[in-house]
Amino acid sequence: MKHLLSLLDLSPVQTQELIDLAAKLKSDWKQGQLKPLLDRKVLVQIYEKPSLRTRVSFESAMIHLGGSGMFMSEKEAGLDGRESLEDVARVVSRFADVVVLRTFSQKMIEDFAKVSNCPVVNGLSDDFHPCQALTDILTMQEHCGDIEGKTMVYLGDGNNVARSLAISCADMGVKFILCSPQGYQLEPEFAEILEKRVPGASYQIIEDPLEAVKNADVLYTDVWASMGQEKETAKRRVAFAPYQINAELLAAAPKSVKFMHCLPAKRGLEVTDDVMETPNSIVFDQAENRMHIARAVFAWLLKVSSDK
């Protein structure tokens, strides 16, 4: 049984397959063709962390494919200690055709998947955000054409999004630059994981923002303090202030550069209002693509053909 717990579960070829499938399904959708590829299939979502885009995109995706969805909080599902994780997983996966989990712990998702009777999708954990990274590649491809050899610069915290993005970029031949201060960069051994996965993958860490963005095709950022890091907010604002994407930094990049953000954005912190609203910004196309990637992930995991 296939799961999507991180992009490390996929081969680079499978990453490309998912992007291609999402592009096809999106094209069909734009032409008013919504094929019931997952007729009567049931999606169950269980979240520890609240969400706008993740919940709505996954539920919309399943409905568009002919299925239905239901949502439960951690407490409703019994993951607050009322039942063991393994018992919850065994029960829920007997009712569902696919389960999406959005949690703090990556291990919780992996342990759930070990005993699940249906595919499990990581909707976000502290370590990985695979569907977001797939979304970002699809969006970059739409706006930049052939992305092999292009450069994505991620400014800010070396978090779950940055880690997943670096993997997806390596898979697709995109140069990935992490621009982050010391103490907030991805773990040193991560570069070894990328090199083993895609020999010759272009992955750099550059601490100077002006240096990092000078050849960028895409500038990307995320919030400086993720859910669960609220106590570090003041400290992080000081550390990341030089990494704000503003008009000055945008001007240091090529004129054709695109701006991306996984949202929600803290306007005035990691990005300014003017950059969010500039023609360079493709953040809302990016947000929409969460749904198209979700449809591709469900169809791929449940082994259906988009030509059905």
# chains A, B, ... in the order shown; residues from 1 in each chain; ligands from 1

$ residues_around --residues "range 116-119 of chain A" --least-positions-apart "6" --cutoff "10 Å" --atoms "only C-alpha atoms" --output "list in words"
Met1, Lys2, His3, Leu4, Leu5, Glu86, Asp87, Val88, Ala89, Arg90, Val91, Val92, Ser93, Arg94, Phe95, Ala96, Asp97, Val98, Val99, Val100, Glu110, Phe298, Leu301 and Leu302 of chain A

$ residues_around --residues "range 211-217 of chain A" --least-positions-apart "4" --cutoff "9 Å" --atoms "only C-alpha atoms" --output "VMD selection string"
chain A and resid 144 150 to 153 155 177 to 179 205 to 207 249 to 250 252 to 254 256 to 259

$ select_by_dssp --residues "range 41-205 of chain A" --states "strand (DSSP E or B)" --output "PyMOL selection string"
chain A and resi 42-47+68-73+98-102+120-124+151-155+175-179+203-205

$ write_last_selection --atoms "N, CA and C atoms" --output "compact mmCIF listing (two decimals), in the first residue's frame"
# COMPACT_ATOMS: atom_id res chain seq x y z
N VAL A 42 -14.24 7.77 0.29
CA VAL A 42 -14.39 8.60 1.50
C VAL A 42 -13.02 9.08 2.00
N LEU A 43 -12.92 10.37 2.19
CA LEU A 43 -11.74 11.00 2.77
C LEU A 43 -12.02 11.33 4.23
N VAL A 44 -11.10 10.99 5.11
CA VAL A 44 -11.17 11.42 6.51
C VAL A 44 -9.93 12.26 6.80
N GLN A 45 -10.15 13.45 7.35
CA GLN A 45 -9.06 14.33 7.75
C GLN A 45 -9.06 14.46 9.27
N ILE A 46 -7.88 14.30 9.88
CA ILE A 46 -7.71 14.45 11.32
C ILE A 46 -6.59 15.46 11.56
N TYR A 47 -6.90 16.55 12.27
CA TYR A 47 -5.93 17.64 12.44
C TYR A 47 -5.67 17.93 13.91
N SER A 68 -16.49 11.92 -1.09
CA SER A 68 -16.96 12.80 -0.01
C SER A 68 -15.90 12.85 1.08
N GLY A 69 -16.02 13.82 1.95
CA GLY A 69 -15.02 13.98 2.99
C GLY A 69 -15.62 14.34 4.33
N MET A 70 -14.91 13.98 5.38
CA MET A 70 -15.30 14.38 6.73
C MET A 70 -14.06 14.79 7.50
N PHE A 71 -14.28 15.64 8.49
CA PHE A 71 -13.17 16.22 9.25
C PHE A 71 -13.37 15.94 10.73
N MET A 72 -12.26 15.62 11.41
CA MET A 72 -12.28 15.45 12.86
C MET A 72 -11.07 16.14 13.47
N SER A 73 -11.28 16.77 14.59
CA SER A 73 -10.17 17.32 15.35
C SER A 73 -9.46 16.17 16.07
N VAL A 98 -9.02 6.99 2.20
CA VAL A 98 -7.76 7.71 2.35
C VAL A 98 -7.87 8.62 3.56
N VAL A 99 -6.78 8.77 4.30
CA VAL A 99 -6.75 9.59 5.50
C VAL A 99 -5.67 10.66 5.35
N VAL A 100 -6.01 11.90 5.68
CA VAL A 100 -5.04 12.99 5.73
C VAL A 100 -4.84 13.38 7.19
N LEU A 101 -3.59 13.42 7.62
CA LEU A 101 -3.26 13.82 8.99
C LEU A 101 -2.45 15.11 8.95
N ARG A 102 -2.78 16.02 9.83
CA ARG A 102 -2.04 17.29 9.96
C ARG A 102 -1.67 17.40 11.44
N VAL A 120 -2.36 6.85 3.62
CA VAL A 120 -2.27 7.98 4.54
C VAL A 120 -1.45 9.08 3.87
N VAL A 121 -1.94 10.32 3.99
CA VAL A 121 -1.26 11.48 3.42
C VAL A 121 -0.85 12.42 4.54
N ASN A 122 0.38 12.88 4.49
CA ASN A 122 0.86 13.90 5.42
C ASN A 122 0.37 15.26 4.95
N GLY A 123 -0.60 15.83 5.69
CA GLY A 123 -1.11 17.16 5.38
C GLY A 123 -0.24 18.26 5.95
N LEU A 124 0.70 17.89 6.79
CA LEU A 124 1.73 18.75 7.38
C LEU A 124 2.18 18.13 8.68
N THR A 151 16.39 28.67 -10.64
CA THR A 151 16.84 28.84 -9.26
C THR A 151 15.71 29.30 -8.36
N MET A 152 15.49 28.56 -7.29
CA MET A 152 14.55 28.97 -6.25
C MET A 152 15.35 29.37 -5.01
N VAL A 153 15.06 30.54 -4.49
CA VAL A 153 15.71 31.02 -3.27
C VAL A 153 14.67 31.09 -2.16
N TYR A 154 14.91 30.35 -1.12
CA TYR A 154 14.01 30.34 0.05
C TYR A 154 14.67 31.16 1.15
N LEU A 155 13.97 32.20 1.60
CA LEU A 155 14.50 33.08 2.64
C LEU A 155 13.72 32.89 3.94
N LYS A 175 17.73 24.49 -9.00
CA LYS A 175 18.75 24.89 -8.02
C LYS A 175 18.05 25.48 -6.80
N PHE A 176 18.42 25.00 -5.62
CA PHE A 176 17.76 25.46 -4.40
C PHE A 176 18.78 26.15 -3.51
N ILE A 177 18.46 27.40 -3.15
CA ILE A 177 19.31 28.16 -2.24
C ILE A 177 18.52 28.45 -0.97
N LEU A 178 19.05 28.03 0.16
CA LEU A 178 18.46 28.35 1.46
C LEU A 178 19.20 29.56 2.00
N CYS A 179 18.47 30.66 2.18
CA CYS A 179 19.05 31.89 2.72
C CYS A 179 18.51 32.08 4.13
N TYR A 203 22.24 22.37 -4.16
CA TYR A 203 21.71 22.83 -2.87
C TYR A 203 22.78 23.67 -2.20
N GLN A 204 22.44 24.93 -1.92
CA GLN A 204 23.39 25.85 -1.30
C GLN A 204 22.76 26.54 -0.10
N ILE A 205 23.61 26.94 0.83
CA ILE A 205 23.19 27.82 1.92
C ILE A 205 23.98 29.11 1.77

$ residues_around --residues "Arg197 in chain A" --least-positions-apart "2" --cutoff "10 Å" --atoms "only C-alpha atoms" --output "number ranges by chain"
A: 8, 11-12, 167, 170-171, 191-195, 199-201

$ write_last_selection --atoms "all heavy atoms" --output "mmCIF file, in the first residue's frame"
data_model
loop_
_atom_site.group_PDB
_atom_site.id
_atom_site.type_symbol
_atom_site.label_atom_id
_atom_site.label_comp_id
_atom_site.auth_asym_id
_atom_site.auth_seq_id
_atom_site.Cartn_x
_atom_site.Cartn_y
_atom_site.Cartn_z
ATOM 1 N N LEU A 8 10.351 11.869 0.410
ATOM 2 C CA LEU A 8 11.340 10.800 0.387
ATOM 3 C C LEU A 8 10.681 9.445 0.132
ATOM 4 O O LEU A 8 11.361 8.469 -0.185
ATOM 5 C CB LEU A 8 12.126 10.771 1.708
ATOM 6 C CG LEU A 8 12.950 12.034 1.994
ATOM 7 C CD1 LEU A 8 13.595 11.953 3.383
ATOM 8 C CD2 LEU A 8 14.015 12.244 0.924
ATOM 9 N N SER A 11 10.035 8.397 -5.611
ATOM 10 C CA SER A 11 11.236 8.529 -6.422
ATOM 11 C C SER A 11 11.123 9.829 -7.199
ATOM 12 O O SER A 11 10.011 10.371 -7.362
ATOM 13 C CB SER A 11 11.364 7.355 -7.390
ATOM 14 O OG SER A 11 10.339 7.419 -8.373
ATOM 15 N N PRO A 12 12.226 10.373 -7.712
ATOM 16 C CA PRO A 12 12.112 11.567 -8.559
ATOM 17 C C PRO A 12 11.171 11.358 -9.747
ATOM 18 O O PRO A 12 10.460 12.288 -10.143
ATOM 19 C CB PRO A 12 13.556 11.795 -9.009
ATOM 20 C CG PRO A 12 14.385 11.270 -7.869
ATOM 21 C CD PRO A 12 13.635 10.046 -7.414
ATOM 22 N N ILE A 167 13.789 18.996 -1.445
ATOM 23 C CA ILE A 167 13.660 17.666 -2.050
ATOM 24 C C ILE A 167 12.998 17.756 -3.413
ATOM 25 O O ILE A 167 13.480 17.184 -4.405
ATOM 26 C CB ILE A 167 12.863 16.719 -1.127
ATOM 27 C CG1 ILE A 167 13.576 16.525 0.212
ATOM 28 C CG2 ILE A 167 12.648 15.364 -1.806
ATOM 29 C CD1 ILE A 167 12.723 15.831 1.266
ATOM 30 N N ALA A 170 15.320 19.287 -5.980
ATOM 31 C CA ALA A 170 16.342 18.331 -6.407
ATOM 32 C C ALA A 170 15.766 17.348 -7.419
ATOM 33 O O ALA A 170 16.387 17.041 -8.450
ATOM 34 C CB ALA A 170 16.904 17.589 -5.199
ATOM 35 N N ASP A 171 14.575 16.861 -7.152
ATOM 36 C CA ASP A 171 13.924 15.902 -8.050
ATOM 37 C C ASP A 171 13.722 16.478 -9.448
ATOM 38 O O ASP A 171 13.772 15.750 -10.445
ATOM 39 C CB ASP A 171 12.561 15.484 -7.483
ATOM 40 C CG ASP A 171 12.667 14.526 -6.310
ATOM 41 O OD1 ASP A 171 13.787 14.070 -6.018
ATOM 42 O OD2 ASP A 171 11.624 14.231 -5.693
ATOM 43 N N ALA A 191 22.003 17.735 3.462
ATOM 44 C CA ALA A 191 22.673 17.824 2.156
ATOM 45 C C ALA A 191 23.108 16.448 1.675
ATOM 46 O O ALA A 191 23.055 16.147 0.475
ATOM 47 C CB ALA A 191 23.872 18.761 2.241
ATOM 48 N N GLU A 192 23.532 15.598 2.604
ATOM 49 C CA GLU A 192 23.941 14.242 2.245
ATOM 50 C C GLU A 192 22.742 13.427 1.761
ATOM 51 O O GLU A 192 22.854 12.621 0.829
ATOM 52 C CB GLU A 192 24.593 13.562 3.452
ATOM 53 C CG GLU A 192 25.849 14.263 3.954
ATOM 54 C CD GLU A 192 26.375 13.636 5.232
ATOM 55 O OE1 GLU A 192 25.915 12.532 5.602
ATOM 56 O OE2 GLU A 192 27.254 14.252 5.866
ATOM 57 N N ILE A 193 21.586 13.635 2.385
ATOM 58 C CA ILE A 193 20.372 12.928 1.971
ATOM 59 C C ILE A 193 20.004 13.323 0.540
ATOM 60 O O ILE A 193 19.676 12.464 -0.293
ATOM 61 C CB ILE A 193 19.207 13.251 2.935
ATOM 62 C CG1 ILE A 193 19.498 12.687 4.323
ATOM 63 C CG2 ILE A 193 17.878 12.714 2.395
ATOM 64 C CD1 ILE A 193 18.497 13.113 5.388
ATOM 65 N N LEU A 194 20.091 14.623 0.237
ATOM 66 C CA LEU A 194 19.776 15.091 -1.110
ATOM 67 C C LEU A 194 20.745 14.532 -2.142
ATOM 68 O O LEU A 194 20.344 14.101 -3.223
ATOM 69 C CB LEU A 194 19.817 16.618 -1.170
ATOM 70 C CG LEU A 194 18.612 17.397 -0.661
ATOM 71 C CD1 LEU A 194 18.813 18.879 -0.947
ATOM 72 C CD2 LEU A 194 17.320 16.921 -1.289
ATOM 73 N N GLU A 195 22.027 14.545 -1.805
ATOM 74 C CA GLU A 195 23.040 14.056 -2.744
ATOM 75 C C GLU A 195 22.861 12.577 -3.024
ATOM 76 O O GLU A 195 23.023 12.123 -4.165
ATOM 77 C CB GLU A 195 24.437 14.329 -2.189
ATOM 78 C CG GLU A 195 25.579 13.832 -3.055
ATOM 79 C CD GLU A 195 25.644 14.484 -4.433
ATOM 80 O OE1 GLU A 195 25.159 15.631 -4.573
ATOM 81 O OE2 GLU A 195 26.182 13.850 -5.360
ATOM 82 N N PRO A 199 22.107 12.530 -7.124
ATOM 83 C CA PRO A 199 23.525 12.914 -7.237
ATOM 84 C C PRO A 199 23.706 14.162 -8.090
ATOM 85 O O PRO A 199 23.130 14.284 -9.180
ATOM 86 C CB PRO A 199 24.158 11.683 -7.915
ATOM 87 C CG PRO A 199 23.268 10.539 -7.511
ATOM 88 C CD PRO A 199 21.880 11.120 -7.487
ATOM 89 N N GLY A 200 24.447 15.110 -7.554
ATOM 90 C CA GLY A 200 24.666 16.356 -8.272
ATOM 91 C C GLY A 200 23.606 17.411 -8.046
ATOM 92 O O GLY A 200 23.643 18.485 -8.666
ATOM 93 N N ALA A 201 22.646 17.130 -7.168
ATOM 94 C CA ALA A 201 21.593 18.112 -6.870
ATOM 95 C C ALA A 201 22.222 19.422 -6.393
ATOM 96 O O ALA A 201 23.178 19.429 -5.613
ATOM 97 C CB ALA A 201 20.647 17.571 -5.807
#

$ select_by_dssp --residues "range 52-230 of chain A" --states "helix (DSSP H, G or I)" --output "PyMOL selection string"
chain A and resi 53-64+74-77+85-95+106-115+130-144+160-172+189-197+209-213+230

$ atom_distance --atom1 "CA of Cys262 in chain A" --atom2 "CA of Gly32 in chain A"
26.7 Å

$ atom_distance --atom1 "CA of His292 in chain A" --atom2 "CA of Trp29 in chain A"
8.9 Å

$ closest_residue --among "A:Gln132, A:Ser168, A:Thr272, A:Ser6" --to "Ile109 in chain A" --atoms "only C-alpha atoms"
A:Ser6

$ atom_distance --atom1 "CA of Glu230 in chain A" --atom2 "CA of Leu52 in chain A"
19.0 Å

$ residues_around --residues "Pro264 in chain A" --least-positions-apart "2" --cutoff "10 Å" --atoms "only C-alpha atoms" --output "number ranges by chain"
A: 51-53, 222-223, 261-262, 266-267, 287

$ write_last_selection --atoms "N, CA and C atoms" --output "short mmCIF file (atom, residue, chain, number, x, y, z; two decimals), in the first residue's frame"
data_model
loop_
_atom_site.label_atom_id
_atom_site.label_comp_id
_atom_site.auth_asym_id
_atom_site.auth_seq_id
_atom_site.Cartn_x
_atom_site.Cartn_y
_atom_site.Cartn_z
N SER A 51 -6.20 24.78 9.99
CA SER A 51 -5.75 25.10 8.64
C SER A 51 -6.90 25.66 7.83
N LEU A 52 -6.57 26.54 6.89
CA LEU A 52 -7.52 26.99 5.88
C LEU A 52 -7.30 26.22 4.58
N ARG A 53 -6.12 26.42 3.95
CA ARG A 53 -5.84 25.84 2.64
C ARG A 53 -5.81 24.33 2.65
N ASP A 222 8.24 31.94 4.17
CA ASP A 222 7.20 31.39 5.04
C ASP A 222 7.23 32.19 6.33
N VAL A 223 6.26 31.96 7.19
CA VAL A 223 6.25 32.66 8.48
C VAL A 223 7.53 32.36 9.26
N HIS A 261 4.70 32.22 -1.57
CA HIS A 261 4.54 32.08 -0.11
C HIS A 261 3.49 31.01 0.10
N CYS A 262 3.75 30.07 1.00
CA CYS A 262 2.80 28.97 1.21
C CYS A 262 1.55 29.42 1.97
N LYS A 266 2.32 36.67 7.26
CA LYS A 266 2.31 37.74 8.26
C LYS A 266 2.83 38.99 7.56
N ARG A 267 1.91 39.71 6.94
CA ARG A 267 2.31 40.90 6.18
C ARG A 267 2.97 41.92 7.09
N ALA A 287 -1.81 29.00 -4.11
CA ALA A 287 -2.80 28.49 -3.17
C ALA A 287 -3.84 27.62 -3.87
#

$ residues_around --residues "Asp20 in chain A" --least-positions-apart "6" --cutoff "10 Å" --atoms "only C-alpha atoms" --output "MDAnalysis selection string"
chainID A and resid 14 26 138 293 296
